[in-house]
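Raw contents of query_27.cif, mmCIF, C-alpha atoms:
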data_start
#
loop_
_atom_site.group_PDB
_atom_site.id
_atom_site.type_symbol
_atom_site.label_atom_id
_atom_site.label_comp_id
_atom_site.auth_asym_id
_atom_site.auth_seq_id
_atom_site.Cartn_x
_atom_site.Cartn_y
_atom_site.Cartn_z
ATOM 1 C CA MET A 29 98.895 52.328 139.655
ATOM 2 C CA LYS A 30 100.792 55.485 138.946
ATOM 3 C CA ALA A 31 99.397 58.281 136.793
ATOM 4 C CA LYS A 32 101.945 60.618 135.248
ATOM 5 C CA ILE A 33 100.275 63.803 134.103
ATOM 6 C CA HIS A 34 101.722 66.564 131.959
ATOM 7 C CA VAL A 35 99.807 69.844 131.819
ATOM 8 C CA THR A 36 100.921 72.311 129.170
ATOM 9 C CA LEU A 37 99.578 75.475 127.594
ATOM 10 C CA LYS A 38 97.575 74.969 124.422
ATOM 11 C CA PRO A 39 99.338 75.872 121.189
ATOM 12 C CA GLY A 40 98.781 79.527 120.435
ATOM 13 C CA VAL A 41 98.427 80.595 124.071
ATOM 14 C CA LEU A 42 101.247 83.031 124.820
ATOM 15 C CA ASP A 43 103.638 81.759 127.485
ATOM 16 C CA PRO A 44 105.508 84.713 128.985
ATOM 17 C CA GLN A 45 107.357 82.472 131.458
ATOM 18 C CA GLY A 46 108.553 80.135 128.715
ATOM 19 C CA GLU A 47 109.677 83.158 126.722
ATOM 20 C CA ALA A 48 111.668 84.474 129.702
ATOM 21 C CA VAL A 49 113.333 81.057 130.075
ATOM 22 C CA ARG A 50 114.196 81.089 126.366
ATOM 23 C CA HIS A 51 115.845 84.510 126.746
ATOM 24 C CA ALA A 52 117.818 83.337 129.778
ATOM 25 C CA LEU A 53 119.071 80.265 127.890
ATOM 26 C CA GLY A 54 120.195 82.534 125.066
ATOM 27 C CA ALA A 55 122.023 84.771 127.550
ATOM 28 C CA LEU A 56 123.865 81.694 128.879
ATOM 29 C CA GLY A 57 125.114 80.942 125.385
ATOM 30 C CA PHE A 58 122.730 78.129 124.476
ATOM 31 C CA ALA A 59 122.116 79.061 120.875
ATOM 32 C CA GLY A 60 119.273 77.802 118.728
ATOM 33 C CA VAL A 61 116.541 77.444 121.353
ATOM 34 C CA GLU A 62 113.668 78.567 119.189
ATOM 35 C CA ALA A 63 110.841 78.207 121.672
ATOM 36 C CA VAL A 64 110.220 77.185 125.304
ATOM 37 C CA ARG A 65 106.834 76.124 126.636
ATOM 38 C CA GLN A 66 106.609 75.759 130.395
ATOM 39 C CA GLY A 67 104.196 73.327 131.977
ATOM 40 C CA LYS A 68 103.462 71.195 135.040
ATOM 41 C CA TYR A 69 104.128 67.579 135.838
ATOM 42 C CA LEU A 70 102.114 65.677 138.440
ATOM 43 C CA GLU A 71 102.508 62.103 139.680
ATOM 44 C CA LEU A 72 99.530 60.427 141.292
ATOM 45 C CA ASP A 73 99.636 57.145 143.192
ATOM 46 C CA LEU A 74 96.274 55.524 142.615
ATOM 47 C CA ALA A 75 94.719 52.631 144.546
ATOM 48 C CA GLU A 76 92.966 51.556 141.326
ATOM 49 C CA THR A 77 94.468 48.405 139.787
ATOM 50 C CA ASP A 78 92.666 48.435 136.449
ATOM 51 C CA ARG A 79 94.597 50.367 133.849
ATOM 52 C CA GLY A 80 91.584 51.642 131.905
ATOM 53 C CA ALA A 81 89.740 52.741 135.039
ATOM 54 C CA ALA A 82 92.884 54.481 136.341
ATOM 55 C CA GLU A 83 93.277 56.379 133.103
ATOM 56 C CA ALA A 84 89.607 57.379 133.033
ATOM 57 C CA ALA A 85 89.847 58.595 136.637
ATOM 58 C CA ALA A 86 93.034 60.574 135.963
ATOM 59 C CA ARG A 87 91.492 62.183 132.889
ATOM 60 C CA ALA A 88 88.412 63.183 134.915
ATOM 61 C CA MET A 89 90.729 64.716 137.547
ATOM 62 C CA CYS A 90 92.451 66.731 134.820
ATOM 63 C CA GLU A 91 89.149 67.981 133.433
ATOM 64 C CA LYS A 92 87.827 68.912 136.880
ATOM 65 C CA LEU A 93 90.865 70.361 138.609
ATOM 66 C CA LEU A 94 94.386 69.605 137.415
ATOM 67 C CA ALA A 95 94.185 71.473 134.109
ATOM 68 C CA ASN A 96 92.366 74.635 133.136
ATOM 69 C CA THR A 97 91.080 73.455 129.790
ATOM 70 C CA VAL A 98 90.418 77.028 128.674
ATOM 71 C CA ILE A 99 94.158 77.519 128.223
ATOM 72 C CA GLU A 100 95.786 74.177 129.011
ATOM 73 C CA THR A 101 95.930 70.712 127.556
ATOM 74 C CA PHE A 102 97.005 67.529 129.370
ATOM 75 C CA ARG A 103 98.507 64.137 128.703
ATOM 76 C CA VAL A 104 98.046 61.110 130.985
ATOM 77 C CA GLU A 105 100.371 58.098 131.182
ATOM 78 C CA ILE A 106 99.488 55.116 133.377
ATOM 79 C CA GLU A 107 102.127 52.762 134.762
ATOM 80 C CA MET B 16 71.229 95.222 153.091
ATOM 81 C CA LYS B 17 72.735 91.847 153.821
ATOM 82 C CA ALA B 18 76.130 90.912 152.419
ATOM 83 C CA ALA B 19 78.554 88.049 152.825
ATOM 84 C CA VAL B 20 82.298 87.851 152.298
ATOM 85 C CA ILE B 21 83.730 84.410 151.555
ATOM 86 C CA VAL B 22 86.971 83.689 153.412
ATOM 87 C CA PHE B 23 89.533 81.155 152.189
ATOM 88 C CA PRO B 24 92.841 80.182 153.772
ATOM 89 C CA GLY B 25 95.156 82.844 152.337
ATOM 90 C CA SER B 26 92.509 85.506 151.700
ATOM 91 C CA ASN B 27 93.974 88.835 152.768
ATOM 92 C CA CYS B 28 91.530 91.459 151.470
ATOM 93 C CA ASP B 29 88.529 89.975 153.253
ATOM 94 C CA ARG B 30 88.580 92.474 156.103
ATOM 95 C CA ASP B 31 89.130 95.449 153.752
ATOM 96 C CA LEU B 32 86.134 94.297 151.748
ATOM 97 C CA ALA B 33 84.096 93.842 154.936
ATOM 98 C CA VAL B 34 84.831 97.441 155.992
ATOM 99 C CA ALA B 35 83.926 98.751 152.523
ATOM 100 C CA PHE B 36 80.691 96.718 152.520
ATOM 101 C CA ARG B 37 79.835 97.929 156.023
ATOM 102 C CA ASP B 38 80.383 101.574 155.054
ATOM 103 C CA ALA B 39 78.342 101.235 151.857
ATOM 104 C CA PHE B 40 75.535 99.013 153.136
ATOM 105 C CA GLY B 41 75.170 100.201 156.716
ATOM 106 C CA ALA B 42 75.692 96.756 158.231
ATOM 107 C CA ALA B 43 78.658 94.485 158.672
ATOM 108 C CA PRO B 44 78.660 91.526 156.261
ATOM 109 C CA ALA B 45 78.644 87.899 157.361
ATOM 110 C CA MET B 46 82.119 86.394 157.066
ATOM 111 C CA VAL B 47 81.615 82.915 155.621
ATOM 112 C CA TRP B 48 84.392 80.336 155.922
ATOM 113 C CA HIS B 49 85.027 78.341 152.756
ATOM 114 C CA LYS B 50 84.221 75.030 154.451
ATOM 115 C CA GLU B 51 80.619 76.054 155.048
ATOM 116 C CA THR B 52 78.123 74.424 152.714
ATOM 117 C CA SER B 53 75.361 77.006 152.960
ATOM 118 C CA LEU B 54 75.055 80.782 152.977
ATOM 119 C CA PRO B 55 73.132 82.955 155.442
ATOM 120 C CA ASP B 56 69.463 83.458 154.475
ATOM 121 C CA GLY B 57 68.315 86.591 152.698
ATOM 122 C CA LEU B 58 71.627 87.660 151.201
ATOM 123 C CA ASP B 59 71.658 90.613 148.787
ATOM 124 C CA VAL B 60 75.266 90.313 147.633
ATOM 125 C CA ILE B 61 78.346 88.106 147.967
ATOM 126 C CA GLY B 62 81.941 89.337 147.824
ATOM 127 C CA VAL B 63 84.833 87.035 146.955
ATOM 128 C CA PRO B 64 87.916 88.857 148.215
ATOM 129 C CA GLY B 65 91.501 89.215 147.075
ATOM 130 C CA GLY B 66 94.490 87.430 148.506
ATOM 131 C CA PHE B 67 96.420 84.260 147.863
ATOM 132 C CA SER B 68 93.867 81.542 148.531
ATOM 133 C CA PHE B 69 95.587 78.206 149.112
ATOM 134 C CA GLY B 70 98.926 79.854 148.393
ATOM 135 C CA ASP B 71 98.072 80.106 144.681
ATOM 136 C CA TYR B 72 98.877 76.381 144.494
ATOM 137 C CA LEU B 73 98.173 74.617 141.171
ATOM 138 C CA ARG B 74 96.691 77.789 139.599
ATOM 139 C CA CYS B 75 95.506 81.007 141.241
ATOM 140 C CA GLY B 76 91.989 80.433 142.559
ATOM 141 C CA ALA B 77 91.825 76.815 141.355
ATOM 142 C CA ILE B 78 91.573 75.133 144.737
ATOM 143 C CA ALA B 79 89.360 77.796 146.297
ATOM 144 C CA ALA B 80 86.946 77.430 143.369
ATOM 145 C CA ARG B 81 86.408 73.789 144.441
ATOM 146 C CA SER B 82 85.793 74.677 148.105
ATOM 147 C CA PRO B 83 82.552 73.411 149.674
ATOM 148 C CA ILE B 84 80.966 76.905 149.855
ATOM 149 C CA MET B 85 81.363 77.510 146.129
ATOM 150 C CA ALA B 86 78.386 75.315 145.192
ATOM 151 C CA ALA B 87 76.186 77.642 147.246
ATOM 152 C CA VAL B 88 77.842 80.714 145.692
ATOM 153 C CA SER B 89 77.200 79.322 142.206
ATOM 154 C CA ALA B 90 73.590 78.579 143.095
ATOM 155 C CA PHE B 91 73.164 82.136 144.434
ATOM 156 C CA ALA B 92 74.616 83.546 141.200
ATOM 157 C CA GLY B 93 72.359 81.224 139.200
ATOM 158 C CA ARG B 94 69.328 82.725 140.932
ATOM 159 C CA GLY B 95 70.514 86.194 139.847
ATOM 160 C CA GLY B 96 72.196 87.144 143.114
ATOM 161 C CA PRO B 97 75.024 89.635 142.580
ATOM 162 C CA VAL B 98 78.526 88.248 143.151
ATOM 163 C CA LEU B 99 81.586 90.499 143.167
ATOM 164 C CA GLY B 100 85.030 88.925 142.769
ATOM 165 C CA ILE B 101 88.059 91.130 143.270
ATOM 166 C CA CYS B 102 91.606 90.142 142.262
ATOM 167 C CA ASN B 103 92.047 86.606 143.639
ATOM 168 C CA GLY B 104 88.243 86.609 143.907
ATOM 169 C CA PHE B 105 88.087 87.207 140.136
ATOM 170 C CA GLN B 106 90.479 84.288 139.645
ATOM 171 C CA VAL B 107 88.262 82.116 141.863
ATOM 172 C CA LEU B 108 85.079 83.030 139.939
ATOM 173 C CA ILE B 109 86.759 82.223 136.610
ATOM 174 C CA GLU B 110 88.047 78.904 137.952
ATOM 175 C CA ALA B 111 84.540 78.178 139.251
ATOM 176 C CA GLY B 112 83.138 78.737 135.762
ATOM 177 C CA LEU B 113 81.021 81.738 136.791
ATOM 178 C CA LEU B 114 82.972 83.986 134.415
ATOM 179 C CA PRO B 115 84.631 83.148 131.078
ATOM 180 C CA GLY B 116 88.275 83.174 130.030
ATOM 181 C CA ALA B 117 91.390 82.677 132.138
ATOM 182 C CA LEU B 118 93.835 84.830 134.083
ATOM 183 C CA MET B 119 97.452 84.122 133.249
ATOM 184 C CA ARG B 120 100.790 85.334 134.573
ATOM 185 C CA ASN B 121 101.313 89.069 133.869
ATOM 186 C CA ALA B 122 102.959 89.554 130.479
ATOM 187 C CA GLY B 123 105.826 91.444 132.136
ATOM 188 C CA LEU B 124 106.220 88.566 134.650
ATOM 189 C CA ALA B 125 106.430 91.043 137.539
ATOM 190 C CA PHE B 126 103.990 91.492 140.409
ATOM 191 C CA VAL B 127 102.308 94.831 139.663
ATOM 192 C CA CYS B 128 101.266 97.025 142.586
ATOM 193 C CA ARG B 129 100.135 100.542 141.720
ATOM 194 C CA ASP B 130 97.193 102.771 140.890
ATOM 195 C CA VAL B 131 95.712 102.294 137.433
ATOM 196 C CA THR B 132 93.309 104.369 135.402
ATOM 197 C CA LEU B 133 90.240 102.472 134.254
ATOM 198 C CA LYS B 134 87.547 103.315 131.766
ATOM 199 C CA VAL B 135 84.051 102.352 132.853
ATOM 200 C CA GLU B 136 82.685 100.618 129.762
ATOM 201 C CA THR B 137 79.116 100.042 130.897
ATOM 202 C CA SER B 138 76.792 101.376 133.554
ATOM 203 C CA ALA B 139 74.296 98.603 132.801
ATOM 204 C CA SER B 140 75.032 96.355 135.772
ATOM 205 C CA PRO B 141 74.302 96.313 139.503
ATOM 206 C CA PHE B 142 77.989 97.139 140.062
ATOM 207 C CA THR B 143 78.412 100.107 137.741
ATOM 208 C CA ALA B 144 75.064 101.935 137.760
ATOM 209 C CA GLU B 145 76.550 104.863 139.690
ATOM 210 C CA TYR B 146 79.205 105.490 137.036
ATOM 211 C CA ARG B 147 78.853 107.252 133.705
ATOM 212 C CA GLU B 148 79.744 105.126 130.715
ATOM 213 C CA GLY B 149 83.098 106.192 129.352
ATOM 214 C CA GLU B 150 84.305 107.979 132.484
ATOM 215 C CA THR B 151 87.689 107.166 133.949
ATOM 216 C CA VAL B 152 88.328 106.129 137.548
ATOM 217 C CA THR B 153 91.396 105.205 139.581
ATOM 218 C CA PHE B 154 91.690 101.924 141.495
ATOM 219 C CA PRO B 155 94.856 100.202 142.714
ATOM 220 C CA VAL B 156 96.000 96.860 141.324
ATOM 221 C CA ALA B 157 98.212 94.356 143.165
ATOM 222 C CA HIS B 158 98.605 91.071 141.347
ATOM 223 C CA HIS B 159 100.916 88.663 139.563
ATOM 224 C CA ASP B 160 98.332 86.847 137.463
ATOM 225 C CA GLY B 161 95.893 89.316 135.955
ATOM 226 C CA ASN B 162 96.523 88.762 132.277
ATOM 227 C CA PHE B 163 93.004 88.067 130.995
ATOM 228 C CA VAL B 164 92.857 85.737 128.009
ATOM 229 C CA ALA B 165 89.966 84.168 126.136
ATOM 230 C CA ASP B 166 89.507 82.555 122.755
ATOM 231 C CA ALA B 167 88.536 84.833 119.867
ATOM 232 C CA GLU B 168 84.899 83.791 119.958
ATOM 233 C CA THR B 169 84.525 84.431 123.692
ATOM 234 C CA LEU B 170 86.294 87.763 123.385
ATOM 235 C CA ALA B 171 84.032 88.877 120.533
ATOM 236 C CA ARG B 172 81.013 87.830 122.558
ATOM 237 C CA LEU B 173 82.136 89.736 125.664
ATOM 238 C CA GLU B 174 82.731 92.865 123.600
ATOM 239 C CA GLY B 175 79.550 92.467 121.540
ATOM 240 C CA GLU B 176 77.356 91.996 124.599
ATOM 241 C CA GLY B 177 78.916 94.928 126.446
ATOM 242 C CA ARG B 178 80.241 92.643 129.172
ATOM 243 C CA VAL B 179 83.621 94.310 129.522
ATOM 244 C CA ALA B 180 82.909 96.416 132.600
ATOM 245 C CA PHE B 181 86.316 98.030 133.082
ATOM 246 C CA ARG B 182 89.252 98.508 130.725
ATOM 247 C CA TYR B 183 92.771 99.720 131.534
ATOM 248 C CA GLN B 184 93.577 103.155 130.139
ATOM 249 C CA GLY B 185 97.131 104.012 129.178
ATOM 250 C CA ALA B 186 99.703 101.380 130.039
ATOM 251 C CA ASN B 187 98.203 97.898 130.375
ATOM 252 C CA PRO B 188 99.650 96.567 133.664
ATOM 253 C CA ASN B 189 99.420 92.861 132.790
ATOM 254 C CA GLY B 190 99.047 92.441 129.030
ATOM 255 C CA SER B 191 95.382 91.406 129.209
ATOM 256 C CA MET B 192 93.563 90.990 125.891
ATOM 257 C CA ASN B 193 91.790 94.171 124.783
ATOM 258 C CA ALA B 194 93.141 95.749 128.017
ATOM 259 C CA ILE B 195 90.301 94.050 129.915
ATOM 260 C CA ALA B 196 90.317 94.728 133.662
ATOM 261 C CA GLY B 197 86.882 93.384 134.594
ATOM 262 C CA VAL B 198 84.109 91.320 132.994
ATOM 263 C CA LEU B 199 80.449 90.586 133.646
ATOM 264 C CA SER B 200 78.620 87.269 133.429
ATOM 265 C CA GLU B 201 75.990 86.706 130.777
ATOM 266 C CA ASN B 202 73.189 87.812 133.127
ATOM 267 C CA ARG B 203 75.383 90.771 134.245
ATOM 268 C CA ARG B 204 74.981 89.731 137.911
ATOM 269 C CA VAL B 205 78.538 88.488 138.419
ATOM 270 C CA LEU B 206 81.467 90.891 138.124
ATOM 271 C CA GLY B 207 85.117 89.943 138.351
ATOM 272 C CA LEU B 208 87.882 92.524 138.205
ATOM 273 C CA MET B 209 91.586 92.623 138.975
ATOM 274 C CA PRO B 210 91.719 96.208 140.392
ATOM 275 C CA HIS B 211 90.620 96.756 143.982
ATOM 276 C CA PRO B 212 87.581 99.040 144.410
ATOM 277 C CA GLU B 213 87.556 98.285 148.142
ATOM 278 C CA ARG B 214 91.003 99.869 148.449
ATOM 279 C CA ALA B 215 89.655 103.038 146.831
ATOM 280 C CA ALA B 216 86.567 103.399 148.959
ATOM 281 C CA ASP B 217 87.604 106.187 151.334
ATOM 282 C CA ALA B 218 88.985 109.607 150.350
ATOM 283 C CA ALA B 219 91.155 109.560 153.493
ATOM 284 C CA LEU B 220 92.893 106.455 152.171
ATOM 285 C CA GLY B 221 93.876 107.690 148.738
ATOM 286 C CA GLY B 222 90.687 107.748 146.720
ATOM 287 C CA ALA B 223 86.974 107.067 146.720
ATOM 288 C CA ASP B 224 86.240 106.027 143.131
ATOM 289 C CA GLY B 225 85.620 102.463 144.291
ATOM 290 C CA ALA B 226 82.972 103.509 146.816
ATOM 291 C CA ARG B 227 80.598 104.165 143.926
ATOM 292 C CA LEU B 228 80.813 100.532 142.853
ATOM 293 C CA LEU B 229 79.636 99.564 146.324
ATOM 294 C CA ARG B 230 76.948 102.265 146.325
ATOM 295 C CA SER B 231 75.751 100.910 142.962
ATOM 296 C CA LEU B 232 75.228 97.560 144.683
ATOM 297 C CA ALA B 233 73.357 99.224 147.540
ATOM 298 C CA GLY B 234 71.106 100.989 145.013
ATOM 299 C CA ALA B 235 70.533 97.763 143.088
ATOM 300 C CA ALA B 236 69.387 95.979 146.259
ATOM 301 C CA VAL B 237 66.823 98.707 147.018
ATOM 302 C CA SER B 238 65.368 98.936 143.507
#
Could I get this structure in the form of structure tokens?
Amino acid sequence: MKAKIHVTLKPGVLDPQGEAVRHALGALGFAGVEAVRQGKYLELDLAETDRGAAEAAARAMCEKLLANTVIETFRVEIE
Amino acid sequence: MKAAVIVFPGSNCDRDLAVAFRDAFGAAPAMVWHKETSLPDGLDVIGVPGGFSFGDYLRCGAIAARSPIMAAVSAFAGRGGPVLGICNGFQVLIEAGLLPGALMRNAGLAFVCRDVTLKVETSASPFTAEYREGETVTFPVAHHDGNFVADAETLARLEGEGRVAFRYQGANPNGSMNAIAGVLSENRRVLGLMPHPERAADAALGGADGARLLRSLAGAAVS
């Protein structure tokens, strides 16, 4: 199975990189971009064939390594 | 006095720290590769050096914090052994859960490499006993991700328990909350800081304010 994982900063955590991207978009003439939050996307190919077990494993990986849950939150999709 | 320096792929301050330890402690430290699973017997202190462990992949310090040796480092800290993490070493100790908070990209987004003035906020630790509370010292910083953040509760706790060891004076180089440059663990035996005391440990090399941090450790081991 494939696990698609999005790691993003928690709401309220300042994102200086996202803010710099927002400024750059404004400078290029893209008006109306009110906020940019930058994150990470990871794709995992898992040998697991059970959907529930794959999701549980991917979530454990996020908790243990892929996300820093002090400042980040994550979302897991299984395909 | 017996010290160890942990070495990861991408560490680049390990030898500087080894020289500073040797000068302060009178014996060269053991250099311990991250794949080891145990530490030398009878250690008095562990240093986790600066650098770019694992190329800063995923998050600074994240992969190093899961290295085999880190279980032994955590156990040593749990027994009250002093652990000093500098720069990337600070990032590793936070990622390993030995210190609270997180270190994010500098607020100005630029890599900052210069001397900074620090206020010593507490002398009540094995790392800062040789300083006077409230005095200012000069250490260099060289980092891209030193912006210390923590939730309001953690921050209040760190301040209330006097666990902010060093604070930036004047311009804050990275936007860290409360201008925090270095924090202590709850038992005050683990210190992580972004500035480099080991690069300010010899007057011939631009300053010796950092040597006192190392001498504090030497004093703590004797007493």
query: In Å to one decimal, how far is CA of Arg214 in chain B from CA of Arg147 in chain B?
result: 20.5 Å
Considering all atoms listed in the file, give me a table of residues in chain B that are at most 8 Å from chain A, with the closest atom pair and distance in Å for each, as JSON lines.
{"residue": "B:Leu73", "atom": "CA", "partner": "A:Leu94", "partner_atom": "CA", "distance": 7.3}
{"residue": "B:Ala77", "atom": "CA", "partner": "A:Leu93", "partner_atom": "CA", "distance": 7.1}
{"residue": "B:Ile78", "atom": "CA", "partner": "A:Leu93", "partner_atom": "CA", "distance": 7.8}
{"residue": "B:Glu110", "atom": "CA", "partner": "A:Asn96", "partner_atom": "CA", "distance": 7.8}
{"residue": "B:Gly116", "atom": "CA", "partner": "A:Val98", "partner_atom": "CA", "distance": 6.6}
{"residue": "B:Ala117", "atom": "CA", "partner": "A:Val98", "partner_atom": "CA", "distance": 6.7}
{"residue": "B:Arg120", "atom": "CA", "partner": "A:Pro44", "partner_atom": "CA", "distance": 7.3}
{"residue": "B:Asn121", "atom": "CA", "partner": "A:Pro44", "partner_atom": "CA", "distance": 7.8}
{"residue": "B:Ala122", "atom": "CA", "partner": "A:Pro44", "partner_atom": "CA", "distance": 5.7}
{"residue": "B:Gly123", "atom": "CA", "partner": "A:Pro44", "partner_atom": "CA", "distance": 7.4}
{"residue": "B:Leu124", "atom": "CA", "partner": "A:Pro44", "partner_atom": "CA", "distance": 6.9}
{"residue": "B:Ala165", "atom": "CA", "partner": "A:Val98", "partner_atom": "CA", "distance": 7.6}
field: Expansion of the PyMOL selection byres ((chain A and resi 62) around 10) into residues, as JSON, numbers by chain
entry: {"A": [47, 50, 51, 54, 59, 60, 61, 63, 64]}
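Interatomic distance, CA of Leu58 in chain B against CA of Arg230 in chain B: 16.3 Å.
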message: Can you measure CA of Val205 in chain B to CA of Val98 in chain B for me? One decimal in Å is fine.
response: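 Computed distance, CA of Val205 in chain B to CA of Val98 in chain B, equals 4.7 Å.
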message: For this structure, which residues satisfy the selection - the PyMOL selection byres ((chain A and resi 102) around 6) - when it is evaluated on the file as given? I want them as a list in words.
response: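 With the shown file as input, the PyMOL selection byres ((chain A and resi 102) around 6) matches His34, Val35, Thr101 and Arg103 of chain A.
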Contacts of Lys17 in chain B at 8 Å (all atoms listed in the file; same-chain gap of 5+ positions) as a PyMOL selection string: chain B and resi 40+42+44-45+57-60
- prompt: For the file shown, what are the residues hit by the PyMOL selection byres ((chain A and resi 31) around 7), laid out as an NGL selection string?
  reply: :A and (29-30 or 32-33 or 71-73 or 86 or 104-107)
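Between Ala157 in chain B and the candidates B:Ala87, B:Leu54, B:Ala79, B:Cys28, the tightest atom-to-atom separation, counting all atoms listed in the file, involves B:Cys28.
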For Thr36 in chain A, the nearest of the candidates A:Glu83, A:Ala88, A:Glu76, A:Tyr69, counting only C-alpha atoms: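 Once distances to Thr36 in chain A are computed over only C-alpha atoms, the minimum belongs to A:Tyr69.
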Please, can range 41-55 of chain A be completed to N, CA and C atoms and returned as an mmCIF file, in the frame of the given file?
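Contents of the output file rebuild-v4.cif:
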data_model
loop_
_atom_site.group_PDB
_atom_site.id
_atom_site.type_symbol
_atom_site.label_atom_id
_atom_site.label_comp_id
_atom_site.auth_asym_id
_atom_site.auth_seq_id
_atom_site.Cartn_x
_atom_site.Cartn_y
_atom_site.Cartn_z
ATOM 1 N N VAL A 41 98.542 79.780 122.851
ATOM 2 C CA VAL A 41 98.427 80.595 124.071
ATOM 3 C C VAL A 41 99.821 81.124 124.409
ATOM 4 N N LEU A 42 99.940 82.437 124.534
ATOM 5 C CA LEU A 42 101.247 83.031 124.820
ATOM 6 C C LEU A 42 101.740 82.552 126.179
ATOM 7 N N ASP A 43 103.041 82.268 126.251
ATOM 8 C CA ASP A 43 103.638 81.759 127.485
ATOM 9 C C ASP A 43 104.783 82.683 127.906
ATOM 10 N N PRO A 44 104.460 83.746 128.640
ATOM 11 C CA PRO A 44 105.508 84.713 128.985
ATOM 12 C C PRO A 44 106.630 84.099 129.824
ATOM 13 N N GLN A 45 106.301 83.099 130.649
ATOM 14 C CA GLN A 45 107.357 82.472 131.458
ATOM 15 C C GLN A 45 108.298 81.661 130.565
ATOM 16 N N GLY A 46 107.736 80.897 129.645
ATOM 17 C CA GLY A 46 108.553 80.135 128.715
ATOM 18 C C GLY A 46 109.456 81.054 127.903
ATOM 19 N N GLU A 47 108.904 82.190 127.517
ATOM 20 C CA GLU A 47 109.677 83.158 126.722
ATOM 21 C C GLU A 47 110.842 83.718 127.550
ATOM 22 N N ALA A 48 110.593 83.974 128.835
ATOM 23 C CA ALA A 48 111.668 84.474 129.702
ATOM 24 C C ALA A 48 112.754 83.418 129.868
ATOM 25 N N VAL A 49 112.355 82.144 129.964
ATOM 26 C CA VAL A 49 113.333 81.057 130.075
ATOM 27 C C VAL A 49 114.171 80.975 128.787
ATOM 28 N N ARG A 50 113.493 81.131 127.651
ATOM 29 C CA ARG A 50 114.196 81.089 126.366
ATOM 30 C C ARG A 50 115.265 82.189 126.306
ATOM 31 N N HIS A 51 114.890 83.396 126.732
ATOM 32 C CA HIS A 51 115.845 84.510 126.746
ATOM 33 C C HIS A 51 117.036 84.197 127.636
ATOM 34 N N ALA A 52 116.746 83.632 128.823
ATOM 35 C CA ALA A 52 117.818 83.337 129.778
ATOM 36 C C ALA A 52 118.763 82.280 129.207
ATOM 37 N N LEU A 53 118.213 81.291 128.511
ATOM 38 C CA LEU A 53 119.071 80.265 127.890
ATOM 39 C C LEU A 53 119.977 80.900 126.847
ATOM 40 N N GLY A 54 119.400 81.833 126.073
ATOM 41 C CA GLY A 54 120.195 82.534 125.066
ATOM 42 C C GLY A 54 121.329 83.317 125.715
ATOM 43 N N ALA A 55 121.014 83.961 126.847
ATOM 44 C CA ALA A 55 122.023 84.771 127.550
ATOM 45 C C ALA A 55 123.142 83.895 128.092
#
